[in-house]
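K.L.:
Quick one: structure below, then a few questions.
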Number of protein chains: 2
Amino acid sequence: MEFPKKAEIIAVGSELLLGQIANTNAQFISKQLAEIGVNVFYHTAVGDNPERLKQVIRIAEERSDFIIFSGGLGPTKDDLTKETIANVLGRPLVLNDEAFQSIEDYFKRTKRTMSSNNRKQALVIEGSDVLANHFGMAPGMLTEHESRFYMLLPGPPSELRPMFENEAKPLLLKKMGSNEKIVSTVLRFFGIGESQLEADLEDIIDAQTNPTIAPLAADGEVTLRLTAKHADEKETERLLKETEAVILERVGEFFYGYDDTSLVEELSKACKEKGMTISSAESFTGGLFSEWLTDLSGASTLFAGGVVCYTNDVKQNVLGVKKETLDQFGAVSKECASELAKGVQKLTGSDIGISFTGVAGPDTQEGHEPGHVFIGISANGKEEVHEFHFAGSRTGIRKRGAKYGCHLILKLLEQK
Amino acid sequence: MEFPKKAEIIAVGSELLLGQIANTNAQFISKQLAEIGVNVFYHTAVGDNPERLKQVIRIAEERSDFIIFSGGLGPTKDDLTKETIANVLGRPLVLNDEAFQSIEDYFKRTKRTMSSNNRKQALVIEGSDVLANHFGMAPGMLTEHESRFYMLLPGPPSELRPMFENEAKPLLLKKMGSNEKIVSTVLRFFGIGESQLEADLEDIIDAQTNPTIAPLAADGEVTLRLTAKHADEKETERLLKETEAVILERVGEFFYGYDDTSLVEELSKACKEKGMTISSAESFTGGLFSEWLTDLSGASTLFAGGVVCYTNDVKQNVLGVKKETLDQFGAVSKECASELAKGVQKLTGSDIGISFTGVAGPDTQEGHEPGHVFIGISANGKEEVHEFHFAGSRTGIRKRGAKYGCHLILKLLEQK
């Protein structure tokens with residue numbers, strides 16, 4: 001049969017109805033399904049109550065032919081999604097050996113003893129395609145029953161997201177065997193505001209048909225999602241490339257990457273390509289920059305080390321900022337940023353040293369407003385310092401600082 | 001009539017089904033309703049489509065006697081919530097003078113001219129209690145019809161939230177005339193798994209009535225939400241305290257705080273109370289611990305500084321780990337963790353030095369599996385080292401490490 005295109009999402013968990021958490025799983029799944037041409041018409045959230053869940057399933061079966069469930073696959077008493085669906089479909093639950101194995105391994109790995117209620121998690125509805133869970137214990141599954149599809153996914157986003165992207169999505173695309181290909185690409189920009197970008201591209205955006213162009217601003221970055229449809233995949237690729245070229249001709253200087261990449265990933269890639277190493281001296285960012293860089297695997301090849309120099313003592317004693325500099329110009333100054341960058345580069349022997357000093361807020365510091373920051377870069381025997389005035393919350397200012405750090409080093413590496 | 005207590009929330013807007021935004025309104029309203037004793041049994045999201053919205057309303061009327069709508073009250077063509085509900089109820093829409101006045105004022109205030117379609121926003125279902133919108137144009141309303149209540153709220157959270165808290169909630173309490181108070185408290189635990197916690201408390205949870213006990217696991221932590229109902233607020237407090245005491249008697253060693261606090265906040269609080277300062281030497285956590293601590297304002301009083309010692313060079317040259325230690329035991333070892341903690345404490349002159357060394361993954365290191373980590377603490381002239389085997393992703397292992405860091409220092413401070 002042709003794979004159904006009328007989908008709805010049912011989230012199971014009383015914590016949703018109590019308002020303890022938002023239903024971000026429904027948002028994530030909807031976005032993912034839209035990308036592969038599956039239309040979602042309803043979201044439902046229901047509590048950990050088998051009777052109400054049964055009624056919700058019956059309603060969904062009346063109006064949808066693809067029903068995605070999130071939550072209720074865990075080991076505890078109130079995790080009843082799987083049992084209830086099996087009961088509604090009149091299909092038995094059977095032990096899935098791989099799932100059981102991976103649960104056993106999980107407990108071995110974590111040196112804990114497996115409690116009996118964890119076996120429950122390895123049960124799947126008979127005849128399902130099993131979706132492996134690499135970030136938790138409960139497997140997901142896709143079951144076909146009377147020309148409808150039922151997909152079960154775990155509740156924790158840290159498990160659901162990778163499972164959907166790496167296991168469920170490829171399986172769905174295979175089942176769909178659809179001939180019209182929908183291909184999306186996201187262009188990522190930093191250093192330009194959304195309204196400015198839209199103004200620069202107004203005529204192109206207004207004339208959009210295929211591909212469509214959807215701007216989105218988030219976290220101080222702007223993205224453009226280009227989505228092309230065509231039976232011939234080569235043609236969709238051509239349409240995307242064509243539009244991309246027109247866009248980048250105008251705002252290419254702010255473009256830094258595609259799709260789900262980030263400034264940090266691009267920075268990490270660029271450093272590996274050029275064989276450069278980085279070290280950081282972080283005051284107002286408090287370790288955010290190094291945390292981002294080292295969150296990527298293989299960071300050891302490019303990150304020489306970092307110092308979180310929140311206090312002036314550390315700035316002086318560890319990074320060798322001159323006492324006179326601090327006395328005369330203060331910690332929030334061009335001069336201090338320059339000495340910090342040079343200091344951490346020397347201390348670690350890295351190719352590039354970067355420093356972040358400024359006011360994250362909420363209070364002013366040395367008479368400077370929150371958001372007044374200096375970013376210093378030491379490389380090739382010379383220092384450069386960039387001054388910024390950011391708006392926003394303490395966390396926002398720290399993030400913006402760390403992102404500009406990545407941006408500035410990327411620009412530096414491009415010149416090489 | 002007694003005001004109904006079986007509620008459900010219907011969010012209207014195709015942007016929800018496309019995954020452009022999460023349904024945070026449903027979360028907010030649910031939390032607010034729980035506080036005044038209204039039980040929410042379902043959340044639904046549906047697109048800007050009158051036919052599907054009608055069906056969803058009919059389903060809701062079958063199972064609920066209080067239906068709250070969010071979204072679709074705006075001036076544009078696809079804002080159809082109000083019209084569709086009026087149509088379903090067979091009640092006319094009438095112009096509300098105050099609402100119309102405030103819309104006019106809004107345009108005057110913002111120096112814009114009012115377009116005709118804005119008049120549409122001042123229409124309300126005849127016989128409704130009108131909820132003023134002080135942060136936008138579209139008013140909300142509460143309509144009683146055939147012993148059911150229908151509440152309409154605007155979609156933008158910046159309008160919905162103040163409207164609910166300041167207009168809708170007092171009105172509901174008045175209608176309820178109820179004196180039954182509902183009080184909730186959340187107990188937060190770290191260092192124990194959800195299934196273990198439930199096993200330890202099984203009999204208590206099974207016997208739960210008032211207060212109810214709802215466990216929730218997220219991010220390696222477990223929370224228990226206790227919710228008590230009683231006419232006398234003092235009595236609800238007593239019921240909560242009583243149950244809390246029974247719970248903490250069994251699993252108190254893992255309890256760290258109430259409601260929306262976090263391990264880092266509790267650590268920060270404890271350090272300030274005891275006047276203690278902390279420094280960190282972070283290898284596999286890469287700065288995460290210091291980033292968390294410094295993300296809280298006022299961190300300068302307790303965070304003396306940190307070193308991200310990703311490489312052995314920095315471990316040796318900056319933090320004074322002995323070459324022999326690294327050669328003989330490796331960087332991922334009890335011995336290295338101990339010297340790192342001592343080293344950073346000395347370097348910064350802090351009261352407590354903490355170190356994180358281990359394997360974040362995905363690859364093994366020095367023959368150790370990902371998740372094998374050591375956390376060292378140096379305080380009062382002696383070092384202690386704790387060994388762990390974490391499961392999960394690279395990011396998950398780093399987070400768990402940083403959280404255990406907070407947990408261990410908190411335990412240390414409790415002893416003092």
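Following the order of the structure tokens, first chain is A, next is B, and so on, with residues numbered from 1 inside each chain and ligands from 1 in the order they appear.
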Quick one: everything within 9 Å of Val318 of chain A, counting only C-alpha atoms, minus sequence neighbours fewer than 3 positions away in the same chain. Send it as a list in words.

P.N.:
Val307, Cys309, Asp313, Val314, Lys315, Val321, Gly343, Val344 and Leu347 of chain A; Val318, Leu347 and Thr348 of chain B

K.L.:
By least-squares superposition of chain A on chain B, using all C-alpha atoms in order, what RMSD in Å to one decimal is obtained?

P.N.:
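That gives an RMSD of 5.4 Å.
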
K.L.:
Using only C-alpha atoms and a cut-off of 6 Å, which residues of chain A sit close to chain B? Please list them as JSON, numbers by chain.

P.N.:
{"A": [17, 18, 19, 22, 24, 27, 30, 31, 40, 42, 43, 44, 45, 46, 110, 135, 286, 287, 288, 290, 291, 294, 305, 306, 307, 308, 309, 310]}

K.L.:
With a distance cut-off of 10 Å and only C-alpha atoms, select the neighbouring residues of Phe254 of chain A, excluding the residue or stretch itself and same-chain residues fewer than 6 positions from it, and output the selection as a PDB file with C-alpha atoms, in the first residue's frame.

P.N.:
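After the write, selection10.pdb holds the following:
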```
ATOM      1  CA  ARG A 188      22.798  29.674   8.163  1.00  0.00           C
ATOM      2  CA  PHE A 189      23.871  33.290   8.673  1.00  0.00           C
ATOM      3  CA  PHE A 190      25.583  35.089  11.539  1.00  0.00           C
ATOM      4  CA  GLY A 191      26.332  38.784  12.039  1.00  0.00           C
ATOM      5  CA  ILE A 192      23.230  40.077  10.224  1.00  0.00           C
ATOM      6  CA  LEU A 197      18.483  39.919   5.661  1.00  0.00           C
ATOM      7  CA  GLU A 221      21.374  33.777  14.092  1.00  0.00           C
ATOM      8  CA  VAL A 222      19.203  33.849  10.982  1.00  0.00           C
ATOM      9  CA  LEU A 248      24.697  34.138  -1.454  1.00  0.00           C
ATOM     10  CA  HIS A 407      32.740  33.937  14.028  1.00  0.00           C
TER      11      HIS A 407
END
```

K.L.:
When DSSP works through the backbone of this structure, what residues of segment 10-208 of chain A end up as strand (DSSP E), shown as JSON, numbers by chain?

P.N.:
{"A": [10, 11, 12, 39, 40, 41, 42, 43, 44, 45, 46, 66, 67, 68, 69, 70, 93, 94, 95, 123, 124, 125, 129, 130, 131, 140, 141, 142, 143, 144, 145, 148, 149, 150, 151, 152, 153, 181, 182, 183, 184, 185, 186, 187, 188, 189, 190]}

K.L.:
I'd like the neighbourhood of Leu152 of chain A as a PyMOL selection string, where a residue qualifies if any of its atoms comes within 12 Å (using only C-alpha atoms), though same-chain residues fewer than 2 positions away should be ignored.

P.N.:
chain A and resi 9-12+29+66-74+80-86+124-125+128-133+138-144+149-150+154-155+160+163-164+168

K.L.:
Just the number, please: distance in Å from atom CA of Glu61 of chain A to atom CA of Glu126 of chain A, one decimal.

P.N.:
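A separation of 19.5 Å between them.
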
K.L.:
Quick one: everything within 6 Å of segment 327-342 of chain B, counting only C-alpha atoms, minus sequence neighbours fewer than 5 positions away in the same chain. Send it as a list of chain:residue names.

P.N.:
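That gives B:Val321, B:Gly353, B:Ile354, B:Ser355, B:Thr357, B:Gly358, B:Gly376, B:Ile377, B:Ser378, B:Glu383.
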
K.L.:
With only C-alpha atoms as the counted atoms, please give the residues lying no more than 12 Å from Thr227 of chain A, apart from itself and same-chain residues fewer than 4 positions off, as a ChimeraX atom specification.

P.N.:
/A:34-37,181-187,208-215,236-241,243-244,259

K.L.:
What does the distance between atom CA of Ile409 of chain B and atom CA of Gly381 of chain B come to in Å, to one decimal place?

P.N.:
15.0 Å

K.L.:
Interatomic distance between atom CA of Asp65 of chain B and atom CA of Lys169 of chain B?

P.N.:
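Result for atom CA of Asp65 of chain B versus atom CA of Lys169 of chain B: 17.0 Å, one decimal.
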
K.L.:
Considering only alpha helix (DSSP H) as DSSP defines it on the backbone, what residues of segment 34-251 of chain B qualify? List them as a compact mmCIF listing (two decimals) with C-alpha atoms, in the first residue's frame.

P.N.:
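out_9.txt was written with the following content:
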```txt
# COMPACT_ATOMS: atom_id res chain seq x y z
CA ALA B 34 -4.02 22.73 38.54
CA GLU B 35 -3.34 25.43 41.11
CA PRO B 50 -13.13 25.41 10.64
CA GLU B 51 -14.31 21.90 9.76
CA ARG B 52 -11.62 20.12 11.75
CA LEU B 53 -12.00 22.62 14.61
CA LYS B 54 -15.76 21.88 14.69
CA GLN B 55 -15.11 18.16 14.97
CA VAL B 56 -12.58 18.74 17.74
CA ILE B 57 -15.12 20.87 19.65
CA ARG B 58 -17.77 18.15 19.35
CA ILE B 59 -15.33 15.56 20.68
CA ALA B 60 -14.42 17.86 23.59
CA GLU B 61 -18.11 18.41 24.44
CA GLU B 62 -18.53 14.64 24.75
CA ARG B 63 -15.93 14.31 27.49
CA THR B 81 -11.80 30.23 16.48
CA LYS B 82 -14.40 32.70 17.73
CA GLU B 83 -16.57 32.44 14.62
CA THR B 84 -16.46 28.63 14.65
CA ILE B 85 -17.38 28.33 18.33
CA ALA B 86 -20.24 30.85 17.96
CA ASN B 87 -21.43 28.80 15.03
CA VAL B 88 -21.26 25.51 16.97
CA LEU B 89 -23.09 27.03 19.94
CA ASP B 97 -17.71 48.48 23.14
CA GLU B 98 -14.88 48.41 25.66
CA ALA B 99 -12.88 46.03 23.49
CA PHE B 100 -13.51 48.19 20.44
CA GLN B 101 -12.51 51.29 22.41
CA SER B 102 -9.26 49.71 23.57
CA ILE B 103 -8.43 48.62 20.02
CA GLU B 104 -8.97 52.19 18.84
CA ASP B 105 -6.78 53.46 21.68
CA TYR B 106 -4.13 50.90 20.78
CA PHE B 107 -3.94 52.27 17.23
CA LYS B 108 -3.86 55.84 18.47
CA ARG B 109 -1.12 54.96 20.95
CA PRO B 157 1.86 33.94 25.13
CA SER B 158 2.66 37.60 25.89
CA GLU B 159 -1.11 38.27 25.76
CA LEU B 160 -2.46 34.94 27.00
CA ARG B 161 -0.41 34.72 30.19
CA PRO B 162 -1.27 38.07 31.78
CA MET B 163 -4.87 37.71 30.61
CA LYS B 169 -8.17 33.16 37.06
CA PRO B 170 -9.99 35.57 39.42
CA LEU B 171 -13.17 35.15 37.36
CA LEU B 172 -12.92 31.34 37.55
CA LEU B 173 -12.32 31.43 41.31
CA LYS B 174 -15.38 33.66 41.68
CA LYS B 175 -17.52 31.29 39.59
CA MET B 176 -16.21 28.28 41.46
CA GLU B 194 13.45 6.53 38.64
CA SER B 195 12.73 2.80 38.88
CA GLN B 196 14.82 2.50 42.05
CA LEU B 197 13.06 5.48 43.65
CA GLU B 198 9.67 4.01 42.76
CA ALA B 199 10.69 0.62 44.09
CA ASP B 200 11.75 2.23 47.38
CA LEU B 201 8.46 4.13 47.63
CA GLU B 202 6.15 1.61 45.95
CA ASP B 203 3.75 1.16 48.86
CA ILE B 204 3.51 4.90 49.48
CA ILE B 205 2.88 5.67 45.81
CA ASP B 206 0.29 2.88 45.51
CA GLU B 233 -4.78 25.82 53.33
CA LYS B 234 -3.05 25.00 56.61
CA GLU B 235 -4.32 21.45 56.26
CA THR B 236 -2.94 21.10 52.69
CA GLU B 237 0.43 22.27 54.01
CA ARG B 238 0.25 19.71 56.82
CA LEU B 239 -0.66 16.90 54.39
CA LEU B 240 2.28 17.81 52.14
CA LYS B 241 4.78 18.04 54.99
CA GLU B 242 3.56 14.75 56.43
CA THR B 243 4.01 12.84 53.14
CA GLU B 244 7.30 14.61 52.42
CA ALA B 245 8.64 13.45 55.79
CA VAL B 246 7.72 9.81 55.08
CA ILE B 247 9.38 9.99 51.65
CA LEU B 248 12.56 11.69 52.87
CA GLU B 249 12.91 9.19 55.67
CA ARG B 250 13.49 6.55 52.99
CA VAL B 251 15.28 8.38 50.16
```
